[in-house]
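Text of the file entry_16.cif, holding mmCIF, C-alpha atoms:
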```
data_my_file
#
loop_
_atom_site.group_PDB
_atom_site.id
_atom_site.type_symbol
_atom_site.label_atom_id
_atom_site.label_comp_id
_atom_site.auth_asym_id
_atom_site.auth_seq_id
_atom_site.Cartn_x
_atom_site.Cartn_y
_atom_site.Cartn_z
ATOM 1 C CA MET D 19 15.396 48.225 -94.907
ATOM 2 C CA ALA D 20 16.511 51.425 -93.204
ATOM 3 C CA THR D 21 14.673 54.637 -93.772
ATOM 4 C CA LEU D 22 17.122 57.507 -93.896
ATOM 5 C CA GLU D 23 16.125 61.124 -93.449
ATOM 6 C CA PHE D 24 19.366 63.003 -93.887
ATOM 7 C CA GLY D 25 19.216 66.732 -94.431
ATOM 8 C CA VAL D 26 22.063 68.311 -96.347
ATOM 9 C CA ILE D 27 23.104 71.789 -95.299
ATOM 10 C CA ASN D 28 25.541 73.318 -97.761
ATOM 11 C CA GLN D 29 27.326 76.296 -96.204
ATOM 12 C CA THR D 30 29.606 76.675 -99.227
ATOM 13 C CA SER D 31 29.178 78.160 -102.689
ATOM 14 C CA GLN D 32 29.901 74.761 -104.281
ATOM 15 C CA LYS D 33 26.937 73.047 -105.976
ATOM 16 C CA ILE D 34 26.647 69.444 -104.792
ATOM 17 C CA GLY D 35 24.379 66.531 -105.769
ATOM 18 C CA SER D 36 22.994 66.053 -102.264
ATOM 19 C CA ASP D 37 20.407 63.444 -103.347
ATOM 20 C CA GLU D 38 23.197 61.267 -104.727
ATOM 21 C CA ILE D 39 25.038 61.450 -101.399
ATOM 22 C CA THR D 40 21.976 60.595 -99.312
ATOM 23 C CA ASP D 41 21.065 57.752 -101.707
ATOM 24 C CA HIS D 42 24.593 56.425 -101.236
ATOM 25 C CA LEU D 43 24.232 56.582 -97.434
ATOM 26 C CA SER D 44 20.960 54.635 -97.689
ATOM 27 C CA LEU D 45 22.783 51.966 -99.694
ATOM 28 C CA VAL D 46 25.523 51.761 -97.046
ATOM 29 C CA LEU D 47 22.895 51.244 -94.345
ATOM 30 C CA HIS D 48 21.165 48.576 -96.424
ATOM 31 C CA ARG D 49 24.434 46.702 -96.942
ATOM 32 C CA LEU D 50 25.116 46.856 -93.203
ATOM 33 C CA GLY D 51 21.682 45.381 -92.512
ATOM 34 C CA VAL D 52 20.482 48.416 -90.577
ATOM 35 C CA ALA D 53 16.679 48.483 -90.559
ATOM 36 C CA ASP D 54 15.945 51.448 -88.300
ATOM 37 C CA ARG D 55 14.421 54.776 -89.198
ATOM 38 C CA LEU D 56 17.407 57.091 -88.952
ATOM 39 C CA LYS D 57 17.733 60.845 -89.041
ATOM 40 C CA GLY D 58 20.739 63.055 -89.320
ATOM 41 C CA GLU D 59 22.381 65.834 -91.205
ATOM 42 C CA LEU D 60 25.314 66.347 -93.495
ATOM 43 C CA ILE D 61 26.868 69.792 -93.299
ATOM 44 C CA LEU D 62 29.310 70.955 -95.969
ATOM 45 C CA VAL D 63 31.650 73.687 -94.759
ATOM 46 C CA GLU D 64 34.815 75.559 -95.693
ATOM 47 C CA ASP D 65 38.227 74.621 -94.243
ATOM 48 C CA GLN D 66 38.183 77.502 -91.773
ATOM 49 C CA THR D 67 34.997 76.200 -90.131
ATOM 50 C CA ILE D 68 36.160 72.594 -89.859
ATOM 51 C CA ARG D 69 39.536 73.750 -88.529
ATOM 52 C CA GLN D 70 37.742 75.660 -85.731
ATOM 53 C CA LEU D 71 35.564 72.637 -84.909
ATOM 54 C CA ASN D 72 38.556 70.299 -84.979
ATOM 55 C CA LYS D 73 40.422 72.551 -82.552
ATOM 56 C CA LYS D 74 37.445 73.000 -80.236
ATOM 57 C CA PHE D 75 36.367 69.363 -80.042
ATOM 58 C CA ARG D 76 39.537 67.395 -80.782
ATOM 59 C CA GLY D 77 42.280 69.810 -79.708
ATOM 60 C CA LYS D 78 43.829 69.762 -83.183
ATOM 61 C CA ALA D 79 44.426 73.178 -84.776
ATOM 62 C CA GLU D 80 44.311 71.887 -88.336
ATOM 63 C CA SER D 81 41.844 71.175 -91.091
ATOM 64 C CA THR D 82 40.433 67.704 -91.482
ATOM 65 C CA ASP D 83 38.171 66.119 -94.051
ATOM 66 C CA VAL D 84 35.257 64.859 -91.939
ATOM 67 C CA LEU D 85 33.977 65.115 -88.377
ATOM 68 C CA SER D 86 31.057 63.272 -86.816
ATOM 69 C CA PHE D 87 28.998 64.461 -83.886
ATOM 70 C CA PRO D 88 26.466 62.166 -82.196
ATOM 71 C CA GLN D 89 24.097 65.073 -81.657
ATOM 72 C CA PRO D 90 22.813 67.288 -84.479
ATOM 73 C CA THR D 91 24.649 70.582 -84.553
ATOM 74 C CA SER D 92 22.080 72.648 -86.431
ATOM 75 C CA HIS D 93 19.076 71.650 -84.276
ATOM 76 C CA GLN D 94 16.928 71.301 -87.399
ATOM 77 C CA ILE D 95 16.169 67.638 -86.711
ATOM 78 C CA GLN D 96 12.955 66.740 -84.921
ATOM 79 C CA GLU D 97 13.161 63.749 -82.576
ATOM 80 C CA ASP D 98 9.570 62.613 -83.191
ATOM 81 C CA ASP D 99 9.931 59.064 -84.446
ATOM 82 C CA GLY D 100 13.199 57.651 -85.575
ATOM 83 C CA ARG D 101 16.679 57.370 -84.187
ATOM 84 C CA VAL D 102 18.700 60.581 -84.447
ATOM 85 C CA LEU D 103 22.258 59.810 -85.460
ATOM 86 C CA GLY D 104 23.742 63.293 -85.378
ATOM 87 C CA SER D 105 25.825 65.378 -87.758
ATOM 88 C CA ILE D 106 28.482 64.640 -90.327
ATOM 89 C CA ILE D 107 30.535 67.712 -91.186
ATOM 90 C CA ILE D 108 32.740 67.688 -94.282
ATOM 91 C CA SER D 109 35.227 70.288 -95.480
ATOM 92 C CA ILE D 110 34.505 70.842 -99.161
ATOM 93 C CA GLU D 111 37.993 72.279 -99.749
ATOM 94 C CA THR D 112 39.792 69.321 -98.199
ATOM 95 C CA ALA D 113 37.448 66.932 -100.031
ATOM 96 C CA GLN D 114 38.283 68.630 -103.344
ATOM 97 C CA LEU D 115 42.028 68.415 -102.660
ATOM 98 C CA GLN D 116 41.742 64.713 -101.816
ATOM 99 C CA ALA D 117 39.566 64.069 -104.879
ATOM 100 C CA ASP D 118 42.149 65.763 -107.095
ATOM 101 C CA GLN D 119 44.977 63.735 -105.540
ATOM 102 C CA ALA D 120 43.047 60.478 -106.076
ATOM 103 C CA SER D 121 41.882 61.483 -109.575
ATOM 104 C CA ILE D 122 38.221 60.982 -108.671
ATOM 105 C CA SER D 123 35.225 63.291 -108.764
ATOM 106 C CA LEU D 124 34.377 65.538 -105.841
ATOM 107 C CA LEU D 125 31.009 63.775 -105.575
ATOM 108 C CA ASN D 126 32.682 60.376 -105.159
ATOM 109 C CA GLU D 127 35.005 61.774 -102.508
ATOM 110 C CA LEU D 128 32.030 63.290 -100.676
ATOM 111 C CA LYS D 129 30.221 59.927 -100.773
ATOM 112 C CA MET D 130 33.251 58.228 -99.262
ATOM 113 C CA LEU D 131 33.657 60.854 -96.552
ATOM 114 C CA ALA D 132 29.933 60.825 -95.756
ATOM 115 C CA SER D 133 30.092 57.011 -95.449
ATOM 116 C CA HIS D 134 33.083 57.346 -93.117
ATOM 117 C CA GLY D 135 31.172 59.812 -90.947
ATOM 118 C CA LEU D 136 28.060 57.627 -90.975
ATOM 119 C CA LEU D 137 30.034 54.612 -89.790
ATOM 120 C CA HIS D 138 31.346 56.657 -86.847
ATOM 121 C CA LEU D 139 27.807 57.711 -85.963
ATOM 122 C CA LEU D 140 26.785 54.041 -86.001
ATOM 123 C CA GLY D 141 29.540 53.255 -83.496
ATOM 124 C CA TYR D 142 32.309 52.006 -85.764
ATOM 125 C CA ASP D 143 35.810 53.184 -84.916
ATOM 126 C CA HIS D 144 39.256 53.089 -86.490
ATOM 127 C CA HIS D 145 40.493 50.245 -84.245
#
```

Mind turning the file's structure into structure tokens?
Amino acid sequence: MATLEFGVINQTSQKIGSDEITDHLSLVLHRLGVADRLKGELILVEDQTIRQLNKKFRGKAESTDVLSFPQPTSHQIQEDDGRVLGSIIISIETAQLQADQASISLLNELKMLASHGLLHLLGYDHH
């Protein structure tokens, strides 16, 4: 079974159940049959920050819900033993809007978006 060390960096004022999100990511890895020791980070940001990142790295001057980067962006991850996946960055404002539209909790939307980002970091694509 995979060992997941995923730090959560919340750059917003919103209180989030980060343990529930990381537990969910561990379950996703287990269901995929991933058995590595993996490290990464989940960064929760405001729309303005994700819009800037989306423009800089994808050339799109708009907000998005989730971005994945194969290298950690905060440099808080030590590469001692374990495979470093990178960073998943989620806009809390866009996540809340999508949660409201789908009539689900913000936490469930964050789990889904974190899973989406994790799959990208593992090499899955939209094709």

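Using all atoms listed in the file, the smallest distance between any of D:Leu71, D:Leu85, D:Leu136, D:Val102 and Asp54 in chain D comes from D:Val102.
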
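Nearest-residue note for Arg69 in chain D: choosing from D:Asp118, D:Glu23, D:Asp41, D:Glu111, the minimum distance belongs to D:Glu111, counting only C-alpha atoms.
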
Fewer than 4 positions away in the same chain doesn't count, so skip those; otherwise give me all residues within 9 Å of Leu125 in chain D, counting only C-alpha atoms, as an MDAnalysis selection string. chainID D and resid 34:36 38:39 117 129:130

Can you work out which one of D:His48, D:Arg101, D:Lys73, D:Lys78 has the shortest atom-to-atom distance to Phe24 in chain D, counting all atoms listed in the file? D:Arg101

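For the residues D:Gly51, D:Leu22, D:Leu56, D:Ala120, ranking by smallest atom-to-atom distance to Asp37 in chain D using all atoms listed in the file places D:Leu22 first.
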
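Of the listed residues (D:Val63, D:Ser133, D:Gln116, D:Lys74), D:Ser133 comes nearest to Arg49 in chain D; the distances count all atoms listed in the file.
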
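Distances from D:Asn28, D:Ser123, D:Ser86, D:Ser81 to Asp143 in chain D were compared using all atoms listed in the file, and the smallest one belongs to D:Ser86.
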
Would you compute an axis-aligned box for range 48-51 of chain D, covering every atom listed for it in the file with 8 Å of margin on each side, and report centre and edge lengths in Å to one decimal as JSON?
```
{"center_x": 23.1, "center_y": 47.0, "center_z": -94.7, "size_x": 20.0, "size_y": 19.2, "size_z": 20.4}
```

What does the PyMOL selection byres ((chain D and resi 137) around 12) select in this file, as a PyMOL selection string? chain D and resi 43+46-47+50+52+84-88+103-106+130-136+138-144

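CA of Thr67 in chain D is found 8.0 Å from CA of Ser109 in chain D.
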
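Going from CA of Thr112 in chain D to CA of Asp83 in chain D covers 5.5 Å.
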
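The space between CA of Asn72 in chain D and CA of Lys57 in chain D spans 23.2 Å.
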
I'd like the contact shell of Leu124 in chain D - 7 Å cut-off, all atoms listed in the file, skipping same-chain residues fewer than 4 positions apart - returned as number ranges by chain. D: 113-114, 117, 128

Restricted to C-alpha atoms, what does range 26-138 of chain D look like when written out as a CSV table (one decimal), in the first residue's frame?
```csv
chain,number,residue,atom,x,y,z
D,26,VAL,CA,-1.5,20.9,3.0
D,27,ILE,CA,-0.6,24.6,2.8
D,28,ASN,CA,-3.7,26.8,3.2
D,29,GLN,CA,-3.1,30.3,1.9
D,30,THR,CA,-6.8,31.3,2.4
D,31,SER,CA,-8.8,32.2,5.5
D,32,GLN,CA,-11.1,29.2,4.9
D,33,LYS,CA,-10.9,26.4,7.4
D,34,ILE,CA,-10.5,23.1,5.7
D,35,GLY,CA,-10.4,19.4,6.9
D,36,SER,CA,-6.9,18.8,5.4
D,37,ASP,CA,-6.6,15.3,7.1
D,38,GLU,CA,-9.8,14.2,5.3
D,39,ILE,CA,-8.4,15.3,2.0
D,40,THR,CA,-5.1,13.6,2.4
D,41,ASP,CA,-6.9,10.4,3.7
D,42,HIS,CA,-9.0,10.5,0.5
D,43,LEU,CA,-5.8,10.8,-1.7
D,44,SER,CA,-4.4,7.8,0.1
D,45,LEU,CA,-7.5,5.9,-0.7
D,46,VAL,CA,-7.3,6.9,-4.4
D,47,LEU,CA,-3.7,5.6,-4.5
D,48,HIS,CA,-4.7,2.4,-2.9
D,49,ARG,CA,-7.5,1.8,-5.4
D,50,LEU,CA,-5.0,2.5,-8.2
D,51,GLY,CA,-2.6,-0.1,-6.8
D,52,VAL,CA,0.1,2.4,-6.2
D,53,ALA,CA,2.5,1.0,-3.6
D,54,ASP,CA,5.3,3.7,-3.6
D,55,ARG,CA,6.2,6.1,-0.9
D,56,LEU,CA,4.9,9.4,-2.3
D,57,LYS,CA,5.4,13.0,-1.2
D,58,GLY,CA,3.7,16.1,-2.4
D,59,GLU,CA,1.8,19.2,-1.4
D,60,LEU,CA,-1.7,20.6,-1.7
D,61,ILE,CA,-1.9,24.3,-1.8
D,62,LEU,CA,-5.2,26.1,-1.4
D,63,VAL,CA,-5.2,29.6,-2.8
D,64,GLU,CA,-7.5,32.5,-3.8
D,65,ASP,CA,-8.7,33.0,-7.4
D,66,GLN,CA,-6.3,35.8,-8.0
D,67,THR,CA,-3.3,33.5,-7.3
D,68,ILE,CA,-4.5,30.7,-9.5
D,69,ARG,CA,-5.4,33.1,-12.3
D,70,GLN,CA,-1.8,34.4,-12.2
D,71,LEU,CA,-0.4,30.9,-12.3
D,72,ASN,CA,-2.7,29.8,-15.0
D,73,LYS,CA,-1.6,32.8,-17.1
D,74,LYS,CA,2.1,32.3,-16.4
D,75,PHE,CA,2.2,28.5,-17.0
D,76,ARG,CA,-0.7,27.8,-19.4
D,77,GLY,CA,-1.1,31.2,-21.2
D,78,LYS,CA,-4.8,31.4,-20.0
D,79,ALA,CA,-5.7,34.7,-18.2
D,80,GLU,CA,-8.6,33.2,-16.3
D,81,SER,CA,-9.3,31.4,-13.0
D,82,THR,CA,-9.3,27.6,-13.0
D,83,ASP,CA,-10.2,25.1,-10.3
D,84,VAL,CA,-7.0,23.0,-10.1
D,85,LEU,CA,-3.4,23.1,-11.4
D,86,SER,CA,-0.8,20.4,-11.0
D,87,PHE,CA,3.0,20.9,-11.1
D,88,PRO,CA,5.4,18.0,-11.2
D,89,GLN,CA,7.8,19.8,-9.0
D,90,PRO,CA,6.9,21.2,-5.5
D,91,THR,CA,6.3,24.9,-5.7
D,92,SER,CA,6.9,25.7,-2.0
D,93,HIS,CA,10.2,23.8,-1.7
D,94,GLN,CA,9.1,22.5,1.7
D,95,ILE,CA,9.4,18.9,0.6
D,96,GLN,CA,12.6,17.0,1.3
D,97,GLU,CA,13.7,14.5,-1.3
D,98,ASP,CA,15.2,12.0,1.2
D,99,ASP,CA,13.4,8.8,0.6
D,100,GLY,CA,10.2,8.6,-1.4
D,101,ARG,CA,9.1,9.8,-4.8
D,102,VAL,CA,8.2,13.5,-5.0
D,103,LEU,CA,5.1,14.0,-7.0
D,104,GLY,CA,4.9,17.8,-6.9
D,105,SER,CA,2.2,20.3,-6.1
D,106,ILE,CA,-1.6,20.4,-6.5
D,107,ILE,CA,-2.9,24.0,-6.4
D,108,ILE,CA,-6.7,24.5,-5.9
D,109,SER,CA,-8.6,27.8,-6.0
D,110,ILE,CA,-10.9,27.7,-2.9
D,111,GLU,CA,-13.2,30.3,-4.4
D,112,THR,CA,-13.7,28.4,-7.7
D,113,ALA,CA,-14.1,25.1,-5.6
D,114,GLN,CA,-16.8,26.8,-3.5
D,115,LEU,CA,-18.7,28.0,-6.6
D,116,GLN,CA,-18.5,24.6,-8.2
D,117,ALA,CA,-19.6,22.9,-4.9
D,118,ASP,CA,-22.6,25.3,-4.7
D,119,GLN,CA,-23.6,24.6,-8.3
D,120,ALA,CA,-23.4,20.8,-7.7
D,121,SER,CA,-25.1,21.0,-4.3
D,122,ILE,CA,-22.3,19.3,-2.6
D,123,SER,CA,-20.0,20.3,0.3
D,124,LEU,CA,-16.9,22.3,-0.2
D,125,LEU,CA,-14.9,19.4,1.3
D,126,ASN,CA,-16.3,16.9,-1.2
D,127,GLU,CA,-15.4,19.3,-4.1
D,128,LEU,CA,-11.9,19.7,-2.7
D,129,LYS,CA,-11.5,15.9,-2.5
D,130,MET,CA,-12.5,15.6,-6.1
D,131,LEU,CA,-10.2,18.4,-7.3
D,132,ALA,CA,-7.3,17.0,-5.3
D,133,SER,CA,-7.9,13.6,-6.8
D,134,HIS,CA,-7.9,15.2,-10.3
D,135,GLY,CA,-4.6,16.9,-9.6
D,136,LEU,CA,-3.1,13.7,-8.1
D,137,LEU,CA,-4.0,11.8,-11.3
D,138,HIS,CA,-2.2,14.4,-13.4
```
